[in-house]
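Raw run_30.cif, mmCIF, C-alpha atoms:
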data_entry
loop_
_atom_site.group_PDB
_atom_site.id
_atom_site.type_symbol
_atom_site.label_atom_id
_atom_site.label_comp_id
_atom_site.auth_asym_id
_atom_site.auth_seq_id
_atom_site.Cartn_x
_atom_site.Cartn_y
_atom_site.Cartn_z
ATOM 1 C CA MET A 1 96.238 134.854 113.038
ATOM 2 C CA SER A 2 92.882 135.452 111.467
ATOM 3 C CA GLY A 3 90.144 135.967 114.031
ATOM 4 C CA GLN A 4 87.799 133.683 112.080
ATOM 5 C CA LEU A 5 87.918 130.015 113.021
ATOM 6 C CA GLU A 6 87.181 127.195 110.586
ATOM 7 C CA ARG A 7 86.134 123.626 111.189
ATOM 8 C CA ALA A 8 88.326 120.826 109.803
ATOM 9 C CA ARG A 9 88.915 117.077 110.142
ATOM 10 C CA VAL A 10 92.295 115.578 111.009
ATOM 11 C CA GLU A 11 93.164 112.974 108.358
ATOM 12 C CA VAL A 12 96.720 112.101 109.388
ATOM 13 C CA THR A 13 99.309 113.212 111.946
ATOM 14 C CA HIS A 14 103.088 113.282 111.627
ATOM 15 C CA GLY A 15 104.558 114.269 114.967
ATOM 16 C CA ARG A 16 103.512 117.859 115.608
ATOM 17 C CA HIS A 17 102.285 118.316 112.044
ATOM 18 C CA LEU A 18 98.791 117.382 110.940
ATOM 19 C CA ARG A 19 97.044 117.107 107.623
ATOM 20 C CA VAL A 20 93.484 118.395 107.828
ATOM 21 C CA ARG A 21 90.580 118.669 105.423
ATOM 22 C CA THR A 22 88.349 121.721 105.597
ATOM 23 C CA LEU A 23 84.604 121.676 104.998
ATOM 24 C CA GLN A 24 85.357 123.041 101.524
ATOM 25 C CA GLY A 25 87.520 119.996 100.767
ATOM 26 C CA GLU A 26 90.934 121.678 101.076
ATOM 27 C CA GLN A 27 93.713 119.372 102.310
ATOM 28 C CA LEU A 28 96.128 121.484 104.319
ATOM 29 C CA THR A 29 99.098 121.039 106.639
ATOM 30 C CA ALA A 30 98.668 122.504 110.111
ATOM 31 C CA ARG A 31 100.347 122.505 113.480
ATOM 32 C CA PRO A 32 98.972 122.879 117.012
ATOM 33 C CA ALA A 33 98.758 126.474 118.225
ATOM 34 C CA GLN A 34 99.853 125.356 121.715
ATOM 35 C CA ARG A 35 101.434 122.267 123.249
ATOM 36 C CA SER A 36 98.213 121.566 125.107
ATOM 37 C CA VAL A 37 96.380 121.036 121.809
ATOM 38 C CA ARG A 38 96.663 117.323 121.102
ATOM 39 C CA ALA A 39 94.728 116.080 118.095
ATOM 40 C CA VAL A 40 94.658 112.573 116.602
ATOM 41 C CA CYS A 41 93.371 111.119 113.379
ATOM 42 C CA GLY A 42 89.601 111.437 113.193
ATOM 43 C CA ASP A 43 89.363 114.529 115.393
ATOM 44 C CA TRP A 44 87.255 117.517 114.437
ATOM 45 C CA VAL A 45 89.238 120.661 115.133
ATOM 46 C CA GLN A 46 89.012 124.441 114.933
ATOM 47 C CA ILE A 47 91.726 125.979 112.769
ATOM 48 C CA ALA A 48 92.970 129.522 112.230
ATOM 49 C CA ARG A 49 95.063 130.932 109.394
ATOM 50 C CA ASP A 50 98.124 133.084 109.919
ATOM 51 C CA ARG A 51 98.058 134.711 106.489
ATOM 52 C CA GLN A 52 101.068 136.905 107.214
ATOM 53 C CA HIS A 53 103.335 133.879 107.682
ATOM 54 C CA ALA A 54 101.327 131.457 105.507
ATOM 55 C CA GLN A 55 100.778 129.128 108.472
ATOM 56 C CA LEU A 56 97.743 127.159 109.601
ATOM 57 C CA TYR A 57 97.170 126.395 113.281
ATOM 58 C CA VAL A 58 94.912 123.988 115.135
ATOM 59 C CA VAL A 59 93.456 126.112 117.913
ATOM 60 C CA SER A 60 91.274 123.531 119.674
ATOM 61 C CA VAL A 61 89.940 119.989 119.475
ATOM 62 C CA GLU A 62 86.181 119.516 119.510
ATOM 63 C CA PRO A 63 84.642 117.089 122.031
ATOM 64 C CA ARG A 64 84.994 113.492 120.822
ATOM 65 C CA ARG A 65 82.046 111.131 120.371
ATOM 66 C CA SER A 66 84.417 108.262 121.069
ATOM 67 C CA ALA A 67 88.126 107.538 121.245
ATOM 68 C CA LEU A 68 90.286 104.423 121.125
ATOM 69 C CA LEU A 69 93.022 104.610 123.761
ATOM 70 C CA ARG A 70 96.068 102.484 124.531
ATOM 71 C CA SER A 71 98.372 102.408 127.546
ATOM 72 C CA ASN A 72 101.768 103.924 126.920
ATOM 73 C CA ALA A 73 105.051 102.830 128.538
ATOM 74 C CA ARG A 74 104.171 104.763 131.706
ATOM 75 C CA GLY A 75 100.710 103.210 131.946
ATOM 76 C CA ALA A 76 98.880 106.399 130.980
ATOM 77 C CA GLY A 77 96.109 106.445 128.396
ATOM 78 C CA GLU A 78 97.103 107.662 124.952
ATOM 79 C CA PRO A 79 94.488 108.288 122.228
ATOM 80 C CA ILE A 80 95.029 106.517 118.911
ATOM 81 C CA ALA A 81 92.018 107.721 116.939
ATOM 82 C CA ALA A 82 88.820 109.643 117.575
ATOM 83 C CA ASN A 83 85.134 109.595 116.632
ATOM 84 C CA LEU A 84 85.064 105.935 115.640
ATOM 85 C CA SER A 85 81.830 103.974 115.378
ATOM 86 C CA LEU A 86 83.334 100.606 114.374
ATOM 87 C CA LEU A 87 86.595 98.775 115.001
ATOM 88 C CA LEU A 88 87.645 96.208 112.363
ATOM 89 C CA VAL A 89 89.950 93.769 114.150
ATOM 90 C CA VAL A 90 91.872 92.010 111.368
ATOM 91 C CA LEU A 91 93.451 88.580 111.766
ATOM 92 C CA ALA A 92 94.744 86.016 109.299
ATOM 93 C CA PRO A 93 96.006 82.417 109.242
ATOM 94 C CA VAL A 94 99.503 83.564 108.208
ATOM 95 C CA PRO A 95 101.312 84.767 110.214
ATOM 96 C CA GLN A 96 99.670 82.996 113.126
ATOM 97 C CA PRO A 97 97.581 85.563 115.014
ATOM 98 C CA GLU A 98 97.886 86.156 118.742
ATOM 99 C CA LEU A 99 94.303 85.887 119.927
ATOM 100 C CA PHE A 100 95.111 87.520 123.256
ATOM 101 C CA VAL A 101 95.912 90.712 121.296
ATOM 102 C CA VAL A 102 92.610 90.341 119.421
ATOM 103 C CA ASP A 103 90.814 90.080 122.769
ATOM 104 C CA ARG A 104 92.417 93.292 124.004
ATOM 105 C CA TYR A 105 91.256 95.231 120.975
ATOM 106 C CA LEU A 106 87.746 93.857 121.474
ATOM 107 C CA SER A 107 87.902 94.780 125.152
ATOM 108 C CA ALA A 108 89.050 98.328 124.383
ATOM 109 C CA ALA A 109 86.310 98.803 121.797
ATOM 110 C CA ARG A 110 83.581 97.526 124.103
ATOM 111 C CA SER A 111 84.759 99.729 126.957
ATOM 112 C CA ALA A 112 84.882 102.775 124.671
ATOM 113 C CA GLY A 113 81.381 102.214 123.303
ATOM 114 C CA ILE A 114 82.693 101.329 119.832
ATOM 115 C CA ASP A 115 81.180 98.402 117.915
ATOM 116 C CA ALA A 116 83.634 95.696 116.847
ATOM 117 C CA LEU A 117 83.794 93.389 113.848
ATOM 118 C CA LEU A 118 86.293 90.545 113.472
ATOM 119 C CA VAL A 119 87.649 90.277 109.924
ATOM 120 C CA LEU A 120 89.472 87.094 108.895
ATOM 121 C CA ASN A 121 91.669 88.071 105.930
ATOM 122 C CA LYS A 122 93.430 85.509 103.709
ATOM 123 C CA CYS A 123 90.488 83.189 104.397
ATOM 124 C CA GLU A 124 91.607 80.879 101.579
ATOM 125 C CA LEU A 125 94.504 79.868 103.856
ATOM 126 C CA SER A 126 92.353 79.352 106.926
ATOM 127 C CA ASN A 127 92.926 76.311 109.121
ATOM 128 C CA GLU A 128 90.660 74.384 111.443
ATOM 129 C CA PRO A 129 91.986 75.820 114.760
ATOM 130 C CA LEU A 130 91.391 79.366 113.509
ATOM 131 C CA ARG A 131 87.931 78.549 112.200
ATOM 132 C CA GLN A 132 87.119 77.026 115.570
ATOM 133 C CA ALA A 133 88.325 80.191 117.284
ATOM 134 C CA LEU A 134 86.063 82.295 115.030
ATOM 135 C CA SER A 135 83.158 80.008 115.862
ATOM 136 C CA GLN A 136 83.821 80.622 119.552
ATOM 137 C CA TYR A 137 83.892 84.395 119.018
ATOM 138 C CA ARG A 138 80.558 84.175 117.202
ATOM 139 C CA ALA A 139 79.093 82.122 120.047
ATOM 140 C CA ALA A 140 80.258 84.797 122.494
ATOM 141 C CA GLY A 141 78.345 87.425 120.515
ATOM 142 C CA TYR A 142 80.898 88.960 118.140
ATOM 143 C CA GLU A 143 80.212 89.435 114.444
ATOM 144 C CA CYS A 144 82.839 87.828 112.205
ATOM 145 C CA ARG A 145 83.430 88.074 108.464
ATOM 146 C CA GLU A 146 85.764 86.114 106.207
ATOM 147 C CA VAL A 147 87.442 87.913 103.308
ATOM 148 C CA SER A 148 90.373 87.614 100.932
ATOM 149 C CA ALA A 149 91.950 90.865 99.796
ATOM 150 C CA ARG A 150 94.084 88.886 97.330
ATOM 151 C CA GLN A 151 91.168 87.082 95.685
ATOM 152 C CA GLY A 152 88.517 89.752 96.228
ATOM 153 C CA TYR A 153 86.281 87.394 98.190
ATOM 154 C CA GLY A 154 83.931 89.055 100.674
ATOM 155 C CA ILE A 155 85.112 92.598 99.903
ATOM 156 C CA GLU A 156 81.803 93.969 98.613
ATOM 157 C CA PRO A 157 79.747 92.647 101.565
ATOM 158 C CA LEU A 158 82.353 94.141 103.907
ATOM 159 C CA ARG A 159 82.174 97.455 102.067
ATOM 160 C CA ALA A 160 78.381 97.384 102.496
ATOM 161 C CA ALA A 161 78.818 96.757 106.235
ATOM 162 C CA LEU A 162 80.854 99.981 106.453
ATOM 163 C CA SER A 163 77.997 102.138 105.148
ATOM 164 C CA GLY A 164 77.520 105.140 107.418
ATOM 165 C CA GLN A 165 80.408 104.067 109.662
ATOM 166 C CA THR A 166 83.669 105.638 110.714
ATOM 167 C CA ALA A 167 85.626 102.406 110.918
ATOM 168 C CA MET A 168 89.251 101.669 111.762
ATOM 169 C CA LEU A 169 91.438 98.744 110.722
ATOM 170 C CA VAL A 170 93.574 97.397 113.576
ATOM 171 C CA GLY A 171 95.587 94.270 114.180
ATOM 172 C CA GLN A 172 99.002 92.701 114.300
ATOM 173 C CA SER A 173 101.618 93.278 111.640
ATOM 174 C CA GLY A 174 101.350 90.994 108.619
ATOM 175 C CA MET A 175 97.579 90.454 108.760
ATOM 176 C CA GLY A 176 97.160 92.200 105.397
ATOM 177 C CA LYS A 177 95.484 95.420 106.556
ATOM 178 C CA SER A 178 97.139 97.504 103.821
ATOM 179 C CA SER A 179 96.002 95.050 101.143
ATOM 180 C CA LEU A 180 92.524 95.098 102.630
ATOM 181 C CA LEU A 181 92.582 98.897 102.616
ATOM 182 C CA ARG A 182 93.509 99.028 98.929
ATOM 183 C CA SER A 183 90.702 96.584 98.136
ATOM 184 C CA LEU A 184 88.206 98.838 99.902
ATOM 185 C CA VAL A 185 89.785 102.130 98.810
ATOM 186 C CA PRO A 186 91.463 101.612 95.384
ATOM 187 C CA GLU A 187 92.623 105.235 95.275
ATOM 188 C CA ALA A 188 94.766 104.515 98.342
ATOM 189 C CA ASP A 189 97.365 103.200 95.876
ATOM 190 C CA VAL A 190 98.209 106.777 94.963
ATOM 191 C CA THR A 191 99.319 107.399 98.551
ATOM 192 C CA ILE A 192 101.805 104.550 98.648
ATOM 193 C CA GLY A 193 104.342 107.085 99.905
ATOM 194 C CA GLU A 194 102.553 106.919 103.249
ATOM 195 C CA LEU A 195 103.839 103.357 103.569
ATOM 196 C CA ALA A 196 107.314 102.114 104.430
ATOM 197 C CA ARG A 197 108.849 98.746 103.594
ATOM 198 C CA ASP A 198 109.682 96.200 106.252
ATOM 199 C CA GLN A 199 112.657 93.831 106.118
ATOM 200 C CA THR A 200 110.810 91.486 103.777
ATOM 201 C CA GLY A 201 110.039 94.278 101.314
ATOM 202 C CA ARG A 202 106.340 94.402 102.118
ATOM 203 C CA HIS A 203 104.629 97.751 102.514
ATOM 204 C CA THR A 204 103.627 98.608 106.058
ATOM 205 C CA THR A 205 101.617 101.545 107.364
ATOM 206 C CA THR A 206 103.609 104.100 109.368
ATOM 207 C CA ALA A 207 100.839 106.481 110.465
ATOM 208 C CA THR A 208 97.111 106.270 111.078
ATOM 209 C CA ARG A 209 95.258 107.871 108.173
ATOM 210 C CA LEU A 210 91.614 108.585 107.373
ATOM 211 C CA TYR A 211 90.157 107.715 103.964
ATOM 212 C CA ARG A 212 86.740 108.588 102.599
ATOM 213 C CA LEU A 213 84.584 105.866 101.115
ATOM 214 C CA ALA A 214 81.465 106.261 99.004
ATOM 215 C CA GLY A 215 78.624 108.136 100.641
ATOM 216 C CA ASP A 216 79.068 108.996 104.283
ATOM 217 C CA SER A 217 81.507 106.183 105.148
ATOM 218 C CA GLU A 218 85.067 106.608 106.404
ATOM 219 C CA LEU A 219 87.905 104.164 106.969
ATOM 220 C CA LEU A 220 91.017 104.669 109.080
ATOM 221 C CA ASP A 221 94.106 102.511 108.557
ATOM 222 C CA SER A 222 96.554 102.087 111.436
ATOM 223 C CA PRO A 223 100.072 100.666 111.801
ATOM 224 C CA GLY A 224 100.352 96.995 112.672
ATOM 225 C CA VAL A 225 101.376 96.122 116.224
ATOM 226 C CA ARG A 226 103.128 93.340 118.067
ATOM 227 C CA ASP A 227 101.078 93.877 121.204
ATOM 228 C CA PHE A 228 98.326 96.138 122.446
ATOM 229 C CA ALA A 229 97.405 97.245 125.956
ATOM 230 C CA PRO A 230 94.099 99.079 126.433
ATOM 231 C CA ALA A 231 94.131 102.224 128.570
ATOM 232 C CA VAL A 232 93.145 101.121 132.072
ATOM 233 C CA GLU A 233 91.153 104.275 132.811
ATOM 234 C CA GLN A 234 88.868 103.480 129.881
ATOM 235 C CA LEU A 235 88.232 99.827 130.729
ATOM 236 C CA ARG A 236 85.013 98.823 132.446
ATOM 237 C CA VAL A 237 86.088 98.001 135.980
ATOM 238 C CA ASP A 238 83.670 95.100 136.422
ATOM 239 C CA THR A 239 84.016 93.244 133.099
ATOM 240 C CA LEU A 240 87.071 94.789 131.370
ATOM 241 C CA GLY A 241 84.951 94.816 128.228
ATOM 242 C CA PHE A 242 84.497 91.014 127.966
ATOM 243 C CA ILE A 243 80.949 90.537 126.732
ATOM 244 C CA GLU A 244 80.608 87.061 128.273
ATOM 245 C CA LEU A 245 81.080 88.590 131.722
ATOM 246 C CA GLU A 246 78.258 91.076 131.210
ATOM 247 C CA ALA A 247 75.761 88.225 131.222
ATOM 248 C CA LEU A 248 77.481 86.002 133.779
ATOM 249 C CA ALA A 249 78.741 88.402 136.461
ATOM 250 C CA ALA A 250 75.250 89.285 137.727
ATOM 251 C CA ALA A 251 74.991 85.784 139.214
ATOM 252 C CA CYS A 252 78.221 86.085 141.229
ATOM 253 C CA ARG A 253 77.871 86.041 145.025
ATOM 254 C CA PHE A 254 79.715 89.354 145.438
ATOM 255 C CA LYS A 255 78.915 92.471 143.428
ATOM 256 C CA ASP A 256 82.612 93.441 143.335
ATOM 257 C CA CYS A 257 83.732 89.962 142.272
ATOM 258 C CA LEU A 258 86.896 90.054 140.146
ATOM 259 C CA HIS A 259 86.266 86.513 138.855
ATOM 260 C CA LEU A 260 89.732 85.344 139.873
ATOM 261 C CA HIS A 261 89.481 83.372 143.132
ATOM 262 C CA GLU A 262 86.347 84.625 144.896
ATOM 263 C CA PRO A 263 83.858 81.998 146.175
ATOM 264 C CA ASP A 264 80.611 81.353 144.304
ATOM 265 C CA CYS A 265 81.869 83.089 141.149
ATOM 266 C CA ALA A 266 79.436 82.499 138.289
ATOM 267 C CA VAL A 267 82.082 83.372 135.713
ATOM 268 C CA ARG A 268 84.576 80.749 136.850
ATOM 269 C CA ALA A 269 81.749 78.232 137.079
ATOM 270 C CA ALA A 270 80.873 78.898 133.427
ATOM 271 C CA VAL A 271 84.404 78.383 132.063
ATOM 272 C CA GLY A 272 84.351 75.582 129.522
ATOM 273 C CA GLU A 273 80.673 76.099 128.810
ATOM 274 C CA ARG A 274 79.442 79.676 128.300
ATOM 275 C CA MET A 275 83.012 81.045 128.272
ATOM 276 C CA THR A 276 85.975 79.268 126.740
ATOM 277 C CA ALA A 277 89.040 78.518 128.840
ATOM 278 C CA ARG A 278 91.202 80.574 126.476
ATOM 279 C CA ARG A 279 88.973 83.631 126.716
ATOM 280 C CA TYR A 280 88.904 83.306 130.490
ATOM 281 C CA GLU A 281 92.706 83.123 130.572
ATOM 282 C CA SER A 282 92.742 86.211 128.359
ATOM 283 C CA TYR A 283 90.534 87.986 130.911
ATOM 284 C CA ARG A 284 92.838 86.898 133.746
ATOM 285 C CA ARG A 285 95.889 88.307 131.930
ATOM 286 C CA LEU A 286 94.173 91.605 131.248
ATOM 287 C CA ARG A 287 92.930 91.795 134.852
ATOM 288 C CA ARG A 288 96.520 91.365 136.086
ATOM 289 C CA LEU A 289 97.682 94.069 133.676
ATOM 290 C CA TYR A 290 94.855 96.321 134.846
ATOM 291 C CA GLN A 291 95.895 95.825 138.460
ATOM 292 C CA LYS A 292 99.536 96.498 137.638
ATOM 293 C CA LEU A 293 98.938 99.688 135.654
ATOM 294 C CA SER A 294 96.253 101.081 137.944
ATOM 295 C CA GLY A 295 98.006 100.144 141.190
ATOM 296 C CA VAL A 296 95.003 98.088 142.338
ATOM 297 C CA ARG A 297 95.544 94.875 144.223
ATOM 298 C CA SER A 298 93.087 91.993 144.437
#
Serialized structure, structure tokens:
Amino acid sequence: MSGQLERARVEVTHGRHLRVRTLQGEQLTARPAQRSVRAVCGDWVQIARDRQHAQLYVVSVEPRRSALLRSNARGAGEPIAANLSLLLVVLAPVPQPELFVVDRYLSAARSAGIDALLVLNKCELSNEPLRQALSQYRAAGYECREVSARQGYGIEPLRAALSGQTAMLVGQSGMGKSSLLRSLVPEADVTIGELARDQTGRHTTTATRLYRLAGDSELLDSPGVRDFAPAVEQLRVDTLGFIELEALAAACRFKDCLHLHEPDCAVRAAVGERMTARRYESYRRLRRLYQKLSGVRS
């Protein structure tokens, strides 16, 4: 391999193969130089060229500013994407969203130091229960936007909100993330081969991929999920990333209060007022999962 290293950005991964973009704008296929080199979409990496065999290798991964992690089947943290500044959690009226999954994405983002924005797609189909849920998220302190990729409503204000951001679209399958992507990045249509078709014939993303927007903005699209479990080692032990708890927990009697059954718990006392019963139940479920995966017992 050439002794000279180059800096590149990982734009998509396919198993052990990666597509990277060099600082000169070249899009190249590379592979890790060693098994210990594990890069994900959004990583900055050092690459080396093996000119004799016409191969490109990723030699190392640069330190990440941030990373979104999930728990794998063994309970270990597994990075999904790196160097994010904003997580766009997409939900829609159809199919009916699972708000507990939305909460887990918000929790993971908060714990990782990544800003989060709730995006209601297909807003023309919105119903009262969902609008009420969005109102509750806003009251808790989350920013929410309503858009329609089909009708073009709210797309330009959302695009403006992405200025200077490295943002990632996440959410359950069927929320319309791919349609939203193509509204924000029209040239994404030329990469339709990156998408597969589900049983209904709709296109669905099969790999996380980085796209460049105007200026210094970037957008990552990720496959839809049925469920999502944040990596326990990344969660904030005291609040699990629930922003309501950050304000309430300080008034609890015990500093190590888990807000489950401890006496004089300010969080439980606030349920139904400063924290909705559904969000509290979501916290309880994630706390039980945290205890299970980390081996901690209350």
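Across the chains present, the PyMOL selection byres ((chain A and resi 293) around 10) applied to this file returns Ser71, Ala73, Arg74, Gly75, Ala76, Ala231, Val232, Glu233, Arg287, Arg288, Leu289, Tyr290, Gln291, Lys292, Ser294, Gly295 and Val296 of chain A.
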Close residues, Arg7 in chain A itself excluded, 12 Å, all atoms listed in the file, min 5 positions apart in chain, as number ranges by chain: A: 20-26, 43-49, 57-62
Within-9 Å shell of (90.2, 108.2, 107.1) in input frame, all atoms listed in the file, as a ChimeraX atom specification: /A:10-12,41-42,166-168,208-213,218-221
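When CA of Thr29 in chain A is paired with CA of Arg64 in chain A, their separation reads 21.4 Å.
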Nearest to Glu146 in chain A by atom-to-atom distance, counting all atoms listed in the file, from A:Ser163, A:Cys123, A:Cys252, A:Ala133: A:Cys123
Close residues, Gln234 in chain A itself excluded, 8 Å, only C-alpha atoms, min 2 positions apart in chain, as a ChimeraX atom specification: /A:69,77,108,111-112,230-232,236
CA of Ala266 in chain A to CA of Arg104 in chain A, distance in Å rounded to a single decimal: 22.1 Å
How big is the axis-aligned box around all listed atoms of range 61-65 of chain A once 3 Å goes on each side, and where's its centre, in Å to one decimal, as lines of an AutoDock Vina configuration file?
center_x = 86.0
center_y = 115.6
center_z = 120.8
size_x = 13.9
size_y = 14.9
size_z = 8.6
Of the listed residues A:Leu88, A:Ala207, A:Leu181, A:Ala54, that which approaches Thr13 in chain A most closely, counting all atoms listed in the file: A:Ala207
Shell of 10 Å around Asp238 in chain A, only C-alpha atoms, local chain residues under 5 positions omitted, as a PyMOL selection string: chain A and resi 245-246+249+255-259+287
What lies within 12 Å of Asp227 in chain A using all atoms listed in the file, ignoring chain neighbours under 6 positions off, as a PDB file with C-alpha atoms, keeping the file's coordinate frame?
ATOM      1  CA  ARG A  70      96.068 102.484 124.531  1.00  0.00           C
ATOM      2  CA  SER A  71      98.372 102.408 127.546  1.00  0.00           C
ATOM      3  CA  ASN A  72     101.768 103.924 126.920  1.00  0.00           C
ATOM      4  CA  PRO A  97      97.581  85.563 115.014  1.00  0.00           C
ATOM      5  CA  GLU A  98      97.886  86.156 118.742  1.00  0.00           C
ATOM      6  CA  LEU A  99      94.303  85.887 119.927  1.00  0.00           C
ATOM      7  CA  PHE A 100      95.111  87.520 123.256  1.00  0.00           C
ATOM      8  CA  VAL A 101      95.912  90.712 121.296  1.00  0.00           C
ATOM      9  CA  VAL A 102      92.610  90.341 119.421  1.00  0.00           C
ATOM     10  CA  ASP A 103      90.814  90.080 122.769  1.00  0.00           C
ATOM     11  CA  ARG A 104      92.417  93.292 124.004  1.00  0.00           C
ATOM     12  CA  TYR A 105      91.256  95.231 120.975  1.00  0.00           C
ATOM     13  CA  VAL A 170      93.574  97.397 113.576  1.00  0.00           C
ATOM     14  CA  GLY A 171      95.587  94.270 114.180  1.00  0.00           C
ATOM     15  CA  GLN A 172      99.002  92.701 114.300  1.00  0.00           C
ATOM     16  CA  SER A 173     101.618  93.278 111.640  1.00  0.00           C
TER      17      SER A 173
END
Separation of CA of Gly224 in chain A from CA of Gly164 in chain A, in Å and rounded to one decimal: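 According to the coordinates, CA of Gly224 in chain A and CA of Gly164 in chain A are separated by 24.8 Å.
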Residue among A:Pro63, A:Thr206, A:Gln136, A:Glu78 lying closest to His14 in chain A, counting all atoms listed in the file: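 Answer, going by the shortest atom-to-atom distance: A:Thr206.
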Shell of 12 Å around range 148-153 of chain A, only C-alpha atoms, local chain residues under 6 positions omitted, as number ranges by chain: A: 90-93, 119-126, 159, 175-186
Which residue of A:Arg65, A:Arg16, A:Arg284, A:Arg279 approaches Ala140 in chain A most closely, using only C-alpha atoms: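 Looking at the shortest contact to Ala140 in chain A, the residue is A:Arg279.
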Which residue of A:Arg35, A:Gln27, A:Ile114, A:Ser217 approaches Gly15 in chain A most closely, using only C-alpha atoms: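 Going through A:Arg35, A:Gln27, A:Ile114, A:Ser217 one by one, the smallest distance to Gly15 in chain A is for A:Arg35.
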Residue with smallest distance to Gln165 in chain A - pool A:Thr276, A:Ser85, A:Gln96, A:Ser66, counting only C-alpha atoms: A:Ser85
Repaired coordinates for range 123-141 of chain A (N, CA and C atoms) as an mmCIF file, keeping the file's coordinate frame:
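Printed below is out.cif as written:
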data_model
loop_
_atom_site.group_PDB
_atom_site.id
_atom_site.type_symbol
_atom_site.label_atom_id
_atom_site.label_comp_id
_atom_site.auth_asym_id
_atom_site.auth_seq_id
_atom_site.Cartn_x
_atom_site.Cartn_y
_atom_site.Cartn_z
ATOM 1 N N CYS A 123 91.320 84.314 103.944
ATOM 2 C CA CYS A 123 90.488 83.189 104.397
ATOM 3 C C CYS A 123 90.744 81.924 103.601
ATOM 4 N N GLU A 124 91.311 82.078 102.382
ATOM 5 C CA GLU A 124 91.607 80.879 101.579
ATOM 6 C C GLU A 124 92.697 80.025 102.211
ATOM 7 N N LEU A 125 93.438 80.596 103.168
ATOM 8 C CA LEU A 125 94.504 79.868 103.856
ATOM 9 C C LEU A 125 94.083 79.397 105.238
ATOM 10 N N SER A 126 92.819 79.606 105.565
ATOM 11 C CA SER A 126 92.353 79.352 106.926
ATOM 12 C C SER A 126 92.506 77.888 107.316
ATOM 13 N N ASN A 127 92.754 77.662 108.592
ATOM 14 C CA ASN A 127 92.926 76.311 109.121
ATOM 15 C C ASN A 127 91.843 76.032 110.160
ATOM 16 N N GLU A 128 91.735 74.791 110.541
ATOM 17 C CA GLU A 128 90.660 74.384 111.443
ATOM 18 C C GLU A 128 90.740 75.057 112.816
ATOM 19 N N PRO A 129 91.933 75.141 113.453
ATOM 20 C CA PRO A 129 91.986 75.820 114.760
ATOM 21 C C PRO A 129 91.492 77.268 114.698
ATOM 22 N N LEU A 130 91.819 77.980 113.623
ATOM 23 C CA LEU A 130 91.391 79.366 113.509
ATOM 24 C C LEU A 130 89.885 79.450 113.258
ATOM 25 N N ARG A 131 89.371 78.553 112.426
ATOM 26 C CA ARG A 131 87.931 78.549 112.200
ATOM 27 C C ARG A 131 87.178 78.214 113.489
ATOM 28 N N GLN A 132 87.739 77.345 114.290
ATOM 29 C CA GLN A 132 87.119 77.026 115.570
ATOM 30 C C GLN A 132 87.129 78.236 116.494
ATOM 31 N N ALA A 133 88.239 78.984 116.459
ATOM 32 C CA ALA A 133 88.325 80.191 117.284
ATOM 33 C C ALA A 133 87.276 81.212 116.848
ATOM 34 N N LEU A 134 87.086 81.377 115.529
ATOM 35 C CA LEU A 134 86.063 82.295 115.030
ATOM 36 C C LEU A 134 84.677 81.843 115.460
ATOM 37 N N SER A 135 84.448 80.542 115.433
ATOM 38 C CA SER A 135 83.158 80.008 115.862
ATOM 39 C C SER A 135 82.904 80.345 117.334
ATOM 40 N N GLN A 136 83.963 80.291 118.138
ATOM 41 C CA GLN A 136 83.821 80.622 119.552
ATOM 42 C C GLN A 136 83.543 82.115 119.756
ATOM 43 N N TYR A 137 84.181 82.955 118.938
ATOM 44 C CA TYR A 137 83.892 84.395 119.018
ATOM 45 C C TYR A 137 82.435 84.660 118.650
ATOM 46 N N ARG A 138 81.953 83.987 117.600
ATOM 47 C CA ARG A 138 80.558 84.175 117.202
ATOM 48 C C ARG A 138 79.618 83.743 118.322
ATOM 49 N N ALA A 139 79.933 82.617 118.956
ATOM 50 C CA ALA A 139 79.093 82.122 120.047
ATOM 51 C C ALA A 139 79.075 83.096 121.216
ATOM 52 N N ALA A 140 80.187 83.812 121.411
ATOM 53 C CA ALA A 140 80.258 84.797 122.494
ATOM 54 C C ALA A 140 79.432 86.033 122.178
ATOM 55 N N GLY A 141 79.158 86.279 120.896
ATOM 56 C CA GLY A 141 78.345 87.425 120.515
ATOM 57 C C GLY A 141 79.001 88.397 119.570
#
